[in-house]
>>> print(open('entry_35.cif').read())   # mmCIF, C-alpha atoms
data_protein
#
loop_
_atom_site.group_PDB
_atom_site.id
_atom_site.type_symbol
_atom_site.label_atom_id
_atom_site.label_comp_id
_atom_site.auth_asym_id
_atom_site.auth_seq_id
_atom_site.Cartn_x
_atom_site.Cartn_y
_atom_site.Cartn_z
ATOM 1 C CA MET A 2 -30.969 -94.222 -57.893
ATOM 2 C CA THR A 3 -28.385 -91.622 -58.859
ATOM 3 C CA ALA A 4 -28.992 -87.945 -58.305
ATOM 4 C CA LEU A 5 -29.189 -87.408 -62.070
ATOM 5 C CA ALA A 6 -31.825 -90.108 -62.480
ATOM 6 C CA PHE A 7 -33.824 -88.632 -59.609
ATOM 7 C CA PHE A 8 -33.846 -85.181 -61.208
ATOM 8 C CA ARG A 9 -34.832 -86.670 -64.587
ATOM 9 C CA ARG A 10 -37.845 -88.366 -62.966
ATOM 10 C CA ALA A 11 -38.770 -85.397 -60.822
ATOM 11 C CA ALA A 12 -38.314 -82.765 -63.560
ATOM 12 C CA PRO A 13 -41.948 -82.812 -64.816
ATOM 13 C CA LEU A 14 -43.133 -82.455 -61.224
ATOM 14 C CA LEU A 15 -40.713 -79.596 -60.542
ATOM 15 C CA VAL A 16 -42.052 -77.772 -63.616
ATOM 16 C CA ALA A 17 -45.687 -78.579 -62.837
ATOM 17 C CA LEU A 18 -45.593 -77.539 -59.184
ATOM 18 C CA PRO A 19 -44.972 -73.790 -59.678
ATOM 19 C CA LEU A 20 -47.508 -73.853 -62.524
ATOM 20 C CA MET A 21 -50.109 -75.391 -60.217
ATOM 21 C CA ILE A 22 -49.382 -72.768 -57.575
ATOM 22 C CA VAL A 23 -49.798 -69.979 -60.139
ATOM 23 C CA LEU A 24 -53.045 -71.495 -61.454
ATOM 24 C CA ALA A 25 -54.393 -71.954 -57.940
ATOM 25 C CA ALA A 26 -53.603 -68.345 -57.096
ATOM 26 C CA ALA A 27 -55.114 -66.985 -60.321
ATOM 27 C CA PRO A 28 -58.802 -67.126 -59.312
ATOM 28 C CA ALA A 29 -57.961 -65.471 -56.004
ATOM 29 C CA ARG A 30 -56.180 -62.675 -57.811
ATOM 30 C CA ALA A 31 -59.040 -62.337 -60.287
ATOM 31 C CA GLN A 32 -61.413 -61.901 -57.315
ATOM 32 C CA ALA A 33 -59.273 -59.256 -55.630
ATOM 33 C CA PRO A 34 -61.099 -56.200 -57.043
ATOM 34 C CA LYS A 35 -64.453 -57.796 -56.158
ATOM 35 C CA ASP A 36 -63.300 -58.392 -52.556
ATOM 36 C CA ALA A 37 -62.101 -54.810 -52.293
ATOM 37 C CA ILE A 38 -65.587 -53.428 -52.866
ATOM 38 C CA THR A 39 -67.296 -55.905 -50.505
ATOM 39 C CA PRO A 40 -67.181 -53.791 -47.288
ATOM 40 C CA VAL A 41 -68.787 -50.832 -49.109
ATOM 41 C CA GLU A 42 -71.406 -53.130 -50.683
ATOM 42 C CA ASP A 43 -72.151 -54.681 -47.281
ATOM 43 C CA PHE A 44 -72.716 -51.227 -45.814
ATOM 44 C CA SER A 45 -74.892 -50.239 -48.768
ATOM 45 C CA ARG A 46 -77.037 -53.371 -48.305
ATOM 46 C CA GLN A 47 -77.367 -52.692 -44.566
ATOM 47 C CA VAL A 48 -78.463 -49.104 -45.219
ATOM 48 C CA GLU A 49 -81.059 -50.325 -47.769
ATOM 49 C CA ASP A 50 -82.414 -52.855 -45.259
ATOM 50 C CA LEU A 51 -82.550 -50.188 -42.555
ATOM 51 C CA LYS A 52 -84.464 -47.835 -44.835
ATOM 52 C CA LYS A 53 -87.134 -50.515 -45.275
ATOM 53 C CA THR A 54 -87.296 -51.061 -41.501
ATOM 54 C CA PHE A 55 -87.514 -47.287 -40.928
ATOM 55 C CA ALA A 56 -90.433 -47.085 -43.341
ATOM 56 C CA ASP A 57 -92.240 -49.888 -41.457
ATOM 57 C CA LEU A 58 -91.586 -48.094 -38.197
ATOM 58 C CA GLY A 59 -92.913 -44.847 -39.670
ATOM 59 C CA LYS A 60 -96.249 -46.550 -40.249
ATOM 60 C CA LYS A 61 -96.265 -47.986 -36.712
ATOM 61 C CA ILE A 62 -95.429 -44.570 -35.237
ATOM 62 C CA GLU A 63 -98.361 -43.027 -37.091
ATOM 63 C CA ASP A 64 -100.720 -45.800 -35.982
ATOM 64 C CA SER A 65 -99.487 -45.368 -32.439
ATOM 65 C CA ALA A 66 -100.001 -41.587 -32.544
ATOM 66 C CA ARG A 67 -103.549 -42.113 -33.829
ATOM 67 C CA SER A 68 -104.254 -44.673 -31.146
ATOM 68 C CA ILE A 69 -102.790 -42.470 -28.345
ATOM 69 C CA ASP A 70 -104.836 -39.558 -29.648
ATOM 70 C CA GLY A 71 -108.087 -41.409 -29.034
ATOM 71 C CA LEU A 72 -107.158 -42.853 -25.659
ATOM 72 C CA SER A 73 -108.545 -41.660 -22.356
ATOM 73 C CA ASP A 74 -107.508 -44.751 -20.420
ATOM 74 C CA VAL A 75 -104.181 -43.762 -18.867
ATOM 75 C CA ASP A 76 -102.986 -47.340 -18.367
ATOM 76 C CA LYS A 77 -103.640 -48.233 -22.006
ATOM 77 C CA ALA A 78 -101.818 -45.078 -23.113
ATOM 78 C CA ARG A 79 -98.855 -45.941 -20.921
ATOM 79 C CA LYS A 80 -98.694 -49.397 -22.505
ATOM 80 C CA GLU A 81 -98.831 -47.865 -25.980
ATOM 81 C CA ILE A 82 -96.002 -45.457 -25.117
ATOM 82 C CA GLU A 83 -93.965 -48.332 -23.702
ATOM 83 C CA THR A 84 -94.441 -50.366 -26.911
ATOM 84 C CA LEU A 85 -93.435 -47.371 -28.987
ATOM 85 C CA ARG A 86 -90.334 -46.887 -26.824
ATOM 86 C CA GLY A 87 -89.411 -50.496 -27.539
ATOM 87 C CA LEU A 88 -89.779 -49.975 -31.289
ATOM 88 C CA VAL A 89 -87.825 -46.729 -31.388
ATOM 89 C CA GLY A 90 -85.220 -48.166 -29.008
ATOM 90 C CA GLY A 91 -84.662 -51.166 -31.265
ATOM 91 C CA LEU A 92 -83.880 -48.955 -34.232
ATOM 92 C CA LEU A 93 -81.797 -46.588 -32.165
ATOM 93 C CA GLY A 94 -79.727 -49.644 -31.255
ATOM 94 C CA ALA A 95 -79.152 -50.406 -34.927
ATOM 95 C CA VAL A 96 -77.822 -46.909 -35.643
ATOM 96 C CA ALA A 97 -76.004 -46.385 -32.295
ATOM 97 C CA ASP A 98 -72.237 -45.847 -32.495
ATOM 98 C CA ASN A 99 -71.660 -49.408 -31.316
ATOM 99 C CA GLY A 100 -74.568 -50.749 -33.401
ATOM 100 C CA ALA A 101 -74.108 -53.174 -36.283
ATOM 101 C CA VAL A 102 -74.725 -50.661 -39.082
ATOM 102 C CA SER A 103 -72.423 -47.964 -37.695
ATOM 103 C CA GLU A 104 -69.626 -50.484 -37.221
ATOM 104 C CA ILE A 105 -70.011 -51.822 -40.778
ATOM 105 C CA GLY A 106 -70.074 -48.202 -42.003
ATOM 106 C CA ALA A 107 -66.856 -47.376 -40.142
ATOM 107 C CA LYS A 108 -65.170 -50.469 -41.606
ATOM 108 C CA ALA A 109 -66.370 -49.612 -45.134
ATOM 109 C CA LEU A 110 -65.085 -46.057 -44.793
ATOM 110 C CA ALA A 111 -61.697 -47.116 -43.419
ATOM 111 C CA HIS A 112 -61.378 -49.647 -46.225
ATOM 112 C CA ALA A 113 -62.253 -47.169 -48.979
ATOM 113 C CA ARG A 114 -59.822 -44.592 -47.532
ATOM 114 C CA ASP A 115 -57.041 -47.220 -47.386
ATOM 115 C CA LYS A 116 -57.763 -48.114 -50.994
ATOM 116 C CA VAL A 117 -57.337 -44.468 -52.037
ATOM 117 C CA LYS A 118 -54.025 -44.284 -50.156
ATOM 118 C CA SER A 119 -52.700 -47.492 -51.697
ATOM 119 C CA LEU A 120 -53.750 -46.440 -55.224
ATOM 120 C CA GLU A 121 -51.967 -43.112 -54.767
ATOM 121 C CA ARG A 122 -48.736 -45.078 -54.287
ATOM 122 C CA ASP A 123 -49.517 -47.702 -56.946
ATOM 123 C CA THR A 124 -47.189 -47.598 -59.959
ATOM 124 C CA ARG A 125 -48.700 -50.519 -61.909
ATOM 125 C CA PHE A 126 -51.096 -48.411 -63.961
ATOM 126 C CA SER A 127 -50.808 -45.559 -66.424
ATOM 127 C CA ARG A 128 -51.577 -42.051 -65.109
ATOM 128 C CA GLU A 129 -55.039 -42.039 -66.712
ATOM 129 C CA GLU A 130 -55.915 -45.497 -65.407
ATOM 130 C CA ARG A 131 -54.764 -44.633 -61.915
ATOM 131 C CA GLN A 132 -56.697 -41.359 -61.992
ATOM 132 C CA TYR A 133 -59.854 -43.197 -63.059
ATOM 133 C CA LEU A 134 -59.529 -45.724 -60.223
ATOM 134 C CA LEU A 135 -58.757 -42.946 -57.722
ATOM 135 C CA ASP A 136 -61.794 -40.925 -58.821
ATOM 136 C CA GLU A 137 -64.066 -43.940 -58.401
ATOM 137 C CA TRP A 138 -62.717 -44.778 -54.923
ATOM 138 C CA ARG A 139 -62.879 -41.114 -53.855
ATOM 139 C CA ARG A 140 -66.512 -41.060 -54.966
ATOM 140 C CA LEU A 141 -67.184 -44.167 -52.842
ATOM 141 C CA VAL A 142 -65.448 -42.524 -49.855
ATOM 142 C CA GLU A 143 -67.667 -39.427 -50.245
ATOM 143 C CA GLU A 144 -70.826 -41.493 -50.630
ATOM 144 C CA THR A 145 -69.997 -43.646 -47.611
ATOM 145 C CA GLU A 146 -69.258 -40.535 -45.520
ATOM 146 C CA ARG A 147 -72.543 -38.976 -46.621
ATOM 147 C CA ALA A 148 -74.545 -42.136 -45.831
ATOM 148 C CA SER A 149 -72.890 -42.289 -42.378
ATOM 149 C CA ASP A 150 -73.771 -38.629 -41.749
ATOM 150 C CA GLU A 151 -77.365 -39.229 -42.812
ATOM 151 C CA LEU A 152 -77.589 -42.157 -40.419
ATOM 152 C CA GLY A 153 -76.167 -39.820 -37.756
ATOM 153 C CA GLY A 154 -79.120 -37.494 -38.409
ATOM 154 C CA VAL A 155 -81.574 -40.382 -38.014
ATOM 155 C CA ARG A 156 -79.770 -41.383 -34.797
ATOM 156 C CA LYS A 157 -80.314 -37.880 -33.377
ATOM 157 C CA GLU A 158 -84.019 -37.921 -34.298
ATOM 158 C CA PHE A 159 -84.591 -41.370 -32.781
ATOM 159 C CA ALA A 160 -82.746 -40.311 -29.623
ATOM 160 C CA GLN A 161 -84.892 -37.184 -29.413
ATOM 161 C CA LEU A 162 -88.128 -39.135 -29.948
ATOM 162 C CA LEU A 163 -87.127 -41.666 -27.297
ATOM 163 C CA ARG A 164 -86.370 -38.807 -24.892
ATOM 164 C CA VAL A 165 -89.800 -37.239 -25.531
ATOM 165 C CA LEU A 166 -91.560 -40.577 -25.023
ATOM 166 C CA GLN A 167 -89.814 -41.325 -21.731
ATOM 167 C CA THR A 168 -90.181 -37.846 -20.214
ATOM 168 C CA ARG A 169 -93.909 -37.732 -21.161
ATOM 169 C CA GLU A 170 -94.373 -41.217 -19.728
ATOM 170 C CA ASP A 171 -92.660 -40.182 -16.498
ATOM 171 C CA PHE A 172 -94.787 -37.022 -16.333
ATOM 172 C CA ILE A 173 -97.980 -39.064 -16.822
ATOM 173 C CA ASP A 174 -96.819 -41.344 -13.992
ATOM 174 C CA GLU A 175 -96.234 -38.371 -11.716
ATOM 175 C CA LEU A 176 -99.674 -36.911 -12.566
ATOM 176 C CA MET A 177 -101.307 -40.234 -11.755
ATOM 177 C CA GLN A 178 -99.504 -40.336 -8.424
ATOM 178 C CA ILE A 179 -101.275 -37.127 -7.455
ATOM 179 C CA ARG A 180 -104.563 -38.383 -8.986
ATOM 180 C CA ARG A 181 -104.686 -35.985 -11.924
ATOM 181 C CA ALA A 182 -106.133 -38.286 -14.586
ATOM 182 C CA SER A 183 -107.651 -35.555 -16.774
ATOM 183 C CA GLU A 184 -104.310 -33.694 -16.955
ATOM 184 C CA ALA A 185 -102.592 -36.978 -17.780
ATOM 185 C CA VAL A 186 -105.023 -37.436 -20.678
ATOM 186 C CA ASN A 187 -104.134 -33.937 -21.941
ATOM 187 C CA VAL A 188 -100.432 -34.855 -21.847
ATOM 188 C CA ILE A 189 -101.253 -38.035 -23.792
ATOM 189 C CA ARG A 190 -103.036 -35.991 -26.480
ATOM 190 C CA GLN A 191 -100.129 -33.509 -26.751
ATOM 191 C CA LEU A 192 -97.756 -36.432 -27.073
ATOM 192 C CA SER A 193 -99.511 -37.728 -30.178
ATOM 193 C CA LYS A 194 -98.792 -34.380 -31.888
ATOM 194 C CA GLU A 195 -95.114 -34.566 -30.903
ATOM 195 C CA ILE A 196 -94.923 -38.127 -32.194
ATOM 196 C CA ARG A 197 -96.461 -37.060 -35.523
ATOM 197 C CA ASP A 198 -93.937 -34.215 -35.857
ATOM 198 C CA ALA A 199 -91.083 -36.634 -35.201
ATOM 199 C CA SER A 200 -92.560 -39.076 -37.698
ATOM 200 C CA ASN A 201 -92.642 -36.374 -40.406
ATOM 201 C CA THR A 202 -89.027 -35.376 -39.723
ATOM 202 C CA LEU A 203 -88.000 -39.024 -39.854
ATOM 203 C CA LYS A 204 -89.815 -39.546 -43.159
ATOM 204 C CA GLN A 205 -87.863 -36.664 -44.702
ATOM 205 C CA LEU A 206 -84.568 -37.970 -43.323
ATOM 206 C CA ILE A 207 -85.252 -41.526 -44.475
ATOM 207 C CA GLY A 208 -86.141 -40.274 -47.961
ATOM 208 C CA ALA A 209 -82.811 -38.421 -48.087
ATOM 209 C CA ILE A 210 -80.671 -41.450 -47.180
ATOM 210 C CA ARG A 211 -78.756 -42.701 -50.201
ATOM 211 C CA PRO A 212 -76.658 -45.844 -49.755
ATOM 212 C CA PRO A 213 -73.104 -45.605 -51.159
ATOM 213 C CA GLY A 214 -72.647 -46.947 -54.672
ATOM 214 C CA ALA A 215 -76.398 -47.006 -55.322
ATOM 215 C CA MET B 1 -87.105 -94.533 -30.856
ATOM 216 C CA ARG B 2 -86.588 -94.115 -27.102
ATOM 217 C CA PHE B 3 -83.347 -92.274 -27.847
ATOM 218 C CA VAL B 4 -85.216 -89.819 -30.103
ATOM 219 C CA THR B 5 -87.871 -89.235 -27.414
ATOM 220 C CA TYR B 6 -85.213 -88.571 -24.736
ATOM 221 C CA GLY B 7 -83.352 -86.299 -27.141
ATOM 222 C CA ALA B 8 -86.493 -84.303 -27.890
ATOM 223 C CA ALA B 9 -87.250 -84.037 -24.160
ATOM 224 C CA ILE B 10 -83.745 -82.724 -23.431
ATOM 225 C CA VAL B 11 -83.979 -80.175 -26.273
ATOM 226 C CA LEU B 12 -87.402 -79.010 -25.088
ATOM 227 C CA GLY B 13 -86.167 -78.854 -21.493
ATOM 228 C CA LEU B 14 -83.147 -76.745 -22.452
ATOM 229 C CA GLY B 15 -85.385 -74.528 -24.580
ATOM 230 C CA GLY B 16 -87.672 -74.055 -21.625
ATOM 231 C CA LEU B 17 -84.769 -73.154 -19.368
ATOM 232 C CA ALA B 18 -83.517 -70.624 -21.916
ATOM 233 C CA ALA B 19 -86.998 -69.106 -22.085
ATOM 234 C CA CYS B 20 -87.083 -68.757 -18.278
ATOM 235 C CA LYS B 21 -83.776 -66.848 -18.244
ATOM 236 C CA PRO B 22 -84.588 -63.258 -17.312
ATOM 237 C CA GLU B 23 -84.220 -60.953 -20.321
ATOM 238 C CA ARG B 24 -82.508 -57.871 -19.010
ATOM 239 C CA GLY B 25 -82.450 -55.882 -22.229
ATOM 240 C CA VAL B 26 -80.557 -52.765 -23.217
ATOM 241 C CA GLY B 27 -80.808 -49.022 -22.887
ATOM 242 C CA TYR B 28 -78.972 -46.132 -24.554
ATOM 243 C CA VAL B 29 -76.280 -43.803 -23.298
ATOM 244 C CA GLU B 30 -75.587 -40.510 -25.022
ATOM 245 C CA ILE B 31 -72.189 -39.138 -24.053
ATOM 246 C CA ARG B 32 -71.476 -35.473 -24.633
ATOM 247 C CA ALA B 33 -68.160 -33.826 -23.942
ATOM 248 C CA PHE B 34 -66.471 -30.491 -24.479
ATOM 249 C CA PRO B 35 -64.866 -30.225 -27.945
ATOM 250 C CA THR B 36 -61.249 -30.526 -26.766
ATOM 251 C CA PHE B 37 -61.923 -33.694 -24.790
ATOM 252 C CA THR B 38 -60.077 -36.511 -26.561
ATOM 253 C CA THR B 39 -59.419 -39.020 -23.771
ATOM 254 C CA PRO B 40 -60.932 -42.438 -24.582
ATOM 255 C CA LEU B 41 -63.943 -43.138 -22.372
ATOM 256 C CA TYR B 42 -65.369 -46.419 -21.143
ATOM 257 C CA LEU B 43 -68.839 -47.529 -20.039
ATOM 258 C CA ASN B 44 -67.786 -50.025 -17.392
ATOM 259 C CA THR B 45 -65.094 -51.732 -19.495
ATOM 260 C CA THR B 46 -66.635 -51.138 -22.945
ATOM 261 C CA ARG B 47 -64.806 -48.510 -24.912
ATOM 262 C CA VAL B 48 -67.006 -45.631 -26.035
ATOM 263 C CA ALA B 49 -66.924 -44.894 -29.767
ATOM 264 C CA GLU B 50 -64.944 -41.850 -30.863
ATOM 265 C CA LEU B 51 -66.949 -38.697 -30.154
ATOM 266 C CA ASN B 52 -68.376 -37.181 -33.312
ATOM 267 C CA ASN B 53 -69.139 -33.448 -32.941
ATOM 268 C CA GLY B 54 -68.631 -33.910 -29.210
ATOM 269 C CA SER B 55 -71.103 -36.747 -28.785
ATOM 270 C CA ALA B 56 -71.535 -40.509 -29.074
ATOM 271 C CA LEU B 57 -74.521 -42.763 -28.601
ATOM 272 C CA MET B 58 -74.000 -46.242 -27.235
ATOM 273 C CA THR B 59 -76.265 -49.206 -26.641
ATOM 274 C CA HIS B 60 -75.563 -50.613 -23.182
ATOM 275 C CA ALA B 61 -76.879 -53.388 -20.971
ATOM 276 C CA VAL B 62 -79.344 -52.201 -18.333
ATOM 277 C CA GLY B 63 -78.097 -51.683 -14.802
ATOM 278 C CA ARG B 64 -75.673 -49.595 -12.818
ATOM 279 C CA THR B 65 -73.015 -48.221 -15.168
ATOM 280 C CA THR B 66 -69.782 -46.337 -14.582
ATOM 281 C CA LEU B 67 -68.361 -43.869 -17.067
ATOM 282 C CA GLN B 68 -64.592 -43.923 -16.733
ATOM 283 C CA PHE B 69 -61.297 -43.250 -18.436
ATOM 284 C CA GLN B 70 -57.949 -45.016 -18.232
ATOM 285 C CA ARG B 71 -54.844 -43.638 -16.563
ATOM 286 C CA ASN B 72 -51.653 -45.712 -16.293
ATOM 287 C CA GLY B 73 -53.624 -48.837 -17.175
ATOM 288 C CA GLN B 74 -56.145 -48.219 -14.364
ATOM 289 C CA PHE B 75 -59.769 -47.214 -14.774
ATOM 290 C CA VAL B 76 -60.644 -43.873 -13.192
ATOM 291 C CA PRO B 77 -64.400 -43.428 -12.654
ATOM 292 C CA ILE B 78 -66.016 -40.122 -13.577
ATOM 293 C CA CYS B 79 -69.591 -40.891 -12.604
ATOM 294 C CA GLU B 80 -72.165 -43.595 -12.052
ATOM 295 C CA PHE B 81 -75.703 -43.809 -13.380
ATOM 296 C CA GLU B 82 -78.513 -46.242 -14.131
ATOM 297 C CA VAL B 83 -79.223 -47.535 -17.635
ATOM 298 C CA ARG B 84 -82.870 -48.561 -17.998
ATOM 299 C CA LYS B 85 -84.511 -50.746 -20.606
ATOM 300 C CA ASN B 86 -85.385 -48.906 -23.863
ATOM 301 C CA ARG B 87 -84.545 -45.572 -22.236
ATOM 302 C CA ILE B 88 -81.898 -43.017 -23.035
ATOM 303 C CA VAL B 89 -79.637 -41.347 -20.503
ATOM 304 C CA THR B 90 -77.505 -38.338 -21.426
ATOM 305 C CA VAL B 91 -74.165 -37.922 -19.684
ATOM 306 C CA THR B 92 -72.351 -34.636 -20.208
ATOM 307 C CA VAL B 93 -68.648 -34.524 -19.372
ATOM 308 C CA SER B 94 -67.248 -31.094 -18.551
ATOM 309 C CA PRO B 95 -64.081 -29.837 -16.899
ATOM 310 C CA VAL B 96 -64.297 -28.490 -13.355
ATOM 311 C CA ASP B 97 -60.944 -27.298 -11.937
ATOM 312 C CA ARG B 98 -59.159 -29.348 -14.633
ATOM 313 C CA ILE B 99 -60.967 -32.488 -13.506
ATOM 314 C CA ALA B 100 -63.549 -34.196 -15.723
ATOM 315 C CA ARG B 101 -66.944 -34.141 -14.060
ATOM 316 C CA CYS B 102 -70.248 -35.263 -15.422
ATOM 317 C CA SER B 103 -73.899 -34.434 -15.174
ATOM 318 C CA VAL B 104 -76.531 -37.068 -15.822
ATOM 319 C CA LYS B 105 -79.943 -36.454 -17.366
ATOM 320 C CA SER B 106 -82.304 -39.375 -17.788
#
>>> encode(input="entry_35.cif", output="structure tokens")
Amino acid sequence: MTALAFFRRAAPLLVALPLMIVLAAAPARAQAPKDAITPVEDFSRQVEDLKKTFADLGKKIEDSARSIDGLSDVDKARKEIETLRGLVGGLLGAVADNGAVSEIGAKALAHARDKVKSLERDTRFSREERQYLLDEWRRLVEETERASDELGGVRKEFAQLLRVLQTREDFIDELMQIRRASEAVNVIRQLSKEIRDASNTLKQLIGAIRPPGA
Amino acid sequence: MRFVTYGAAIVLGLGGLAACKPERGVGYVEIRAFPTFTTPLYLNTTRVAELNNGSALMTHAVGRTTLQFQRNGQFVPICEFEVRKNRIVTVTVSPVDRIARCSVKS
């Protein structure tokens, strides 16, 4: 086969190949804007899920406070406090700086900030179009920052509640070591008030949390 | 049939072994530092998140833990403390004679 004959036969393939590549790439390109928002959407979903879990915990905290209030059996109270510590600890883990939600939040924020930077340099769009896109991404940056700050507030409250629970528990232990059961019961009763206060603060904070893009 | 029975027995056995494995759990470490402190910190070898308003809160496996920083690729310990299950320990880093020292409150 001569070179000319080879090119004649291969010509349709040589034309079709770049076309196929372009067509194959087209859906990916069409999805690009959707992919760009994904980290922020993921964070938003996580925050929504957390809010539901917080609300469930709020109910458990109240039940626990009520139960502790009526207890005079120190061992039972200690068990109740321990269970509550487990519940609060679990949620503190979710909002800790190395917890899943905080890490997704940090990624979402970094991504949205990068998007703003890249759009500022983008010359593909008209001034108005670019400004519109920039405004939308800046809004998402602000909303993501605000949601992260609100979660920071919840983190502080959970940490504080956990601290109260463990110091009261330790104090009850110490009182029992010197056989002061009635004083231990008083501490248990005071604790239920502190738990209720924390629960109210948490309710307000949880109500204030607004996921980005919602 | 025999193969299925043996398979099920192995799966159940492994499941049982996994259930027997002691669950050590996690606790929480709150790290506070003076505002100008920017050196990256480590809990054992886990890097501590960037301090926000001078503090960070980390989930950490229970047990003896060392707070340290890195100098010339080597870890330099600042202090040691115990992380206990579902409990929070606060570690405050402050400068004493230009050396980072810490106080532990659990």
>>> closest_residue(input="entry_35.cif", among="A:Gly214, A:Gly71, A:Ile38, A:Gly94", to="chain B", atoms="all atoms listed in the file")
A:Gly94
>>> closest_residue(input="entry_35.cif", among="B:Leu43, B:Ala56, B:Cys102, B:Val93", to="chain A", atoms="only C-alpha atoms")
B:Ala56
>>> residues_around(input="entry_35.cif", residues="A:Leu152", least_positions_apart="4", cutoff="9 Å", atoms="all atoms listed in the file", output="mmCIF file with C-alpha atoms, in the coordinates of the input")
data_model
loop_
_atom_site.group_PDB
_atom_site.id
_atom_site.type_symbol
_atom_site.label_atom_id
_atom_site.label_comp_id
_atom_site.auth_asym_id
_atom_site.auth_seq_id
_atom_site.Cartn_x
_atom_site.Cartn_y
_atom_site.Cartn_z
ATOM 1 C CA VAL A 48 -78.463 -49.104 -45.219
ATOM 2 C CA VAL A 96 -77.822 -46.909 -35.643
ATOM 3 C CA SER A 103 -72.423 -47.964 -37.695
ATOM 4 C CA ARG A 147 -72.543 -38.976 -46.621
ATOM 5 C CA ALA A 148 -74.545 -42.136 -45.831
ATOM 6 C CA ARG A 156 -79.770 -41.383 -34.797
ATOM 7 C CA LYS A 157 -80.314 -37.880 -33.377
ATOM 8 C CA LEU A 206 -84.568 -37.970 -43.323
ATOM 9 C CA ILE A 207 -85.252 -41.526 -44.475
ATOM 10 C CA ILE A 210 -80.671 -41.450 -47.180
#
>>> resolve_selection(input="entry_35.cif", expression="the PyMOL selection byres ((chain A) within 9 of (chain B))", output="ChimeraX atom specification")
/A:83,86-91,93-100,156-157,160,163-164,167-168
>>> atom_distance(input="entry_35.cif", atom1="atom CA of A:Val117", atom2="atom CA of A:Gln47")
22.9 Å
>>> closest_residue(input="entry_35.cif", among="B:Tyr42, B:Val91, B:Ala61, B:Lys105", to="B:Pro77", atoms="all atoms listed in the file")
B:Tyr42
>>> atom_distance(input="entry_35.cif", atom1="atom CA of A:Ser73", atom2="atom CA of A:Lys61")
19.9 Å
>>> build_atoms(input="entry_35.cif", residues="stretch 48-59 of chain A", atoms="N, CA, C and O atoms", output="mmCIF file, keeping the file's coordinate frame")
data_model
loop_
_atom_site.group_PDB
_atom_site.id
_atom_site.type_symbol
_atom_site.label_atom_id
_atom_site.label_comp_id
_atom_site.auth_asym_id
_atom_site.auth_seq_id
_atom_site.Cartn_x
_atom_site.Cartn_y
_atom_site.Cartn_z
ATOM 1 N N VAL A 48 -77.731 -50.377 -45.211
ATOM 2 C CA VAL A 48 -78.463 -49.104 -45.219
ATOM 3 C C VAL A 48 -79.813 -49.294 -45.925
ATOM 4 O O VAL A 48 -80.844 -48.809 -45.457
ATOM 5 N N GLU A 49 -79.804 -50.043 -47.040
ATOM 6 C CA GLU A 49 -81.059 -50.325 -47.769
ATOM 7 C C GLU A 49 -82.052 -51.049 -46.864
ATOM 8 O O GLU A 49 -83.228 -50.695 -46.806
ATOM 9 N N ASP A 50 -81.544 -52.076 -46.160
ATOM 10 C CA ASP A 50 -82.414 -52.855 -45.259
ATOM 11 C C ASP A 50 -82.989 -51.960 -44.169
ATOM 12 O O ASP A 50 -84.155 -52.051 -43.821
ATOM 13 N N LEU A 51 -82.114 -51.097 -43.626
ATOM 14 C CA LEU A 51 -82.550 -50.188 -42.555
ATOM 15 C C LEU A 51 -83.645 -49.256 -43.050
ATOM 16 O O LEU A 51 -84.612 -49.009 -42.344
ATOM 17 N N LYS A 52 -83.461 -48.760 -44.269
ATOM 18 C CA LYS A 52 -84.464 -47.835 -44.835
ATOM 19 C C LYS A 52 -85.843 -48.489 -44.866
ATOM 20 O O LYS A 52 -86.845 -47.870 -44.542
ATOM 21 N N LYS A 53 -85.852 -49.785 -45.241
ATOM 22 C CA LYS A 53 -87.134 -50.515 -45.275
ATOM 23 C C LYS A 53 -87.705 -50.618 -43.864
ATOM 24 O O LYS A 53 -88.903 -50.417 -43.652
ATOM 25 N N THR A 54 -86.831 -50.921 -42.893
ATOM 26 C CA THR A 54 -87.296 -51.061 -41.501
ATOM 27 C C THR A 54 -87.802 -49.720 -40.984
ATOM 28 O O THR A 54 -88.790 -49.654 -40.268
ATOM 29 N N PHE A 55 -87.097 -48.635 -41.347
ATOM 30 C CA PHE A 55 -87.514 -47.287 -40.928
ATOM 31 C C PHE A 55 -88.913 -46.985 -41.456
ATOM 32 O O PHE A 55 -89.752 -46.437 -40.761
ATOM 33 N N ALA A 56 -89.135 -47.359 -42.727
ATOM 34 C CA ALA A 56 -90.433 -47.085 -43.341
ATOM 35 C C ALA A 56 -91.538 -47.834 -42.594
ATOM 36 O O ALA A 56 -92.610 -47.282 -42.343
ATOM 37 N N ASP A 57 -91.252 -49.101 -42.234
ATOM 38 C CA ASP A 57 -92.240 -49.888 -41.457
ATOM 39 C C ASP A 57 -92.514 -49.214 -40.124
ATOM 40 O O ASP A 57 -93.653 -49.126 -39.672
ATOM 41 N N LEU A 58 -91.436 -48.739 -39.503
ATOM 42 C CA LEU A 58 -91.586 -48.094 -38.197
ATOM 43 C C LEU A 58 -92.407 -46.816 -38.331
ATOM 44 O O LEU A 58 -93.244 -46.520 -37.475
ATOM 45 N N GLY A 59 -92.171 -46.079 -39.427
ATOM 46 C CA GLY A 59 -92.913 -44.847 -39.670
ATOM 47 C C GLY A 59 -94.417 -45.096 -39.617
ATOM 48 O O GLY A 59 -95.169 -44.335 -39.006
#
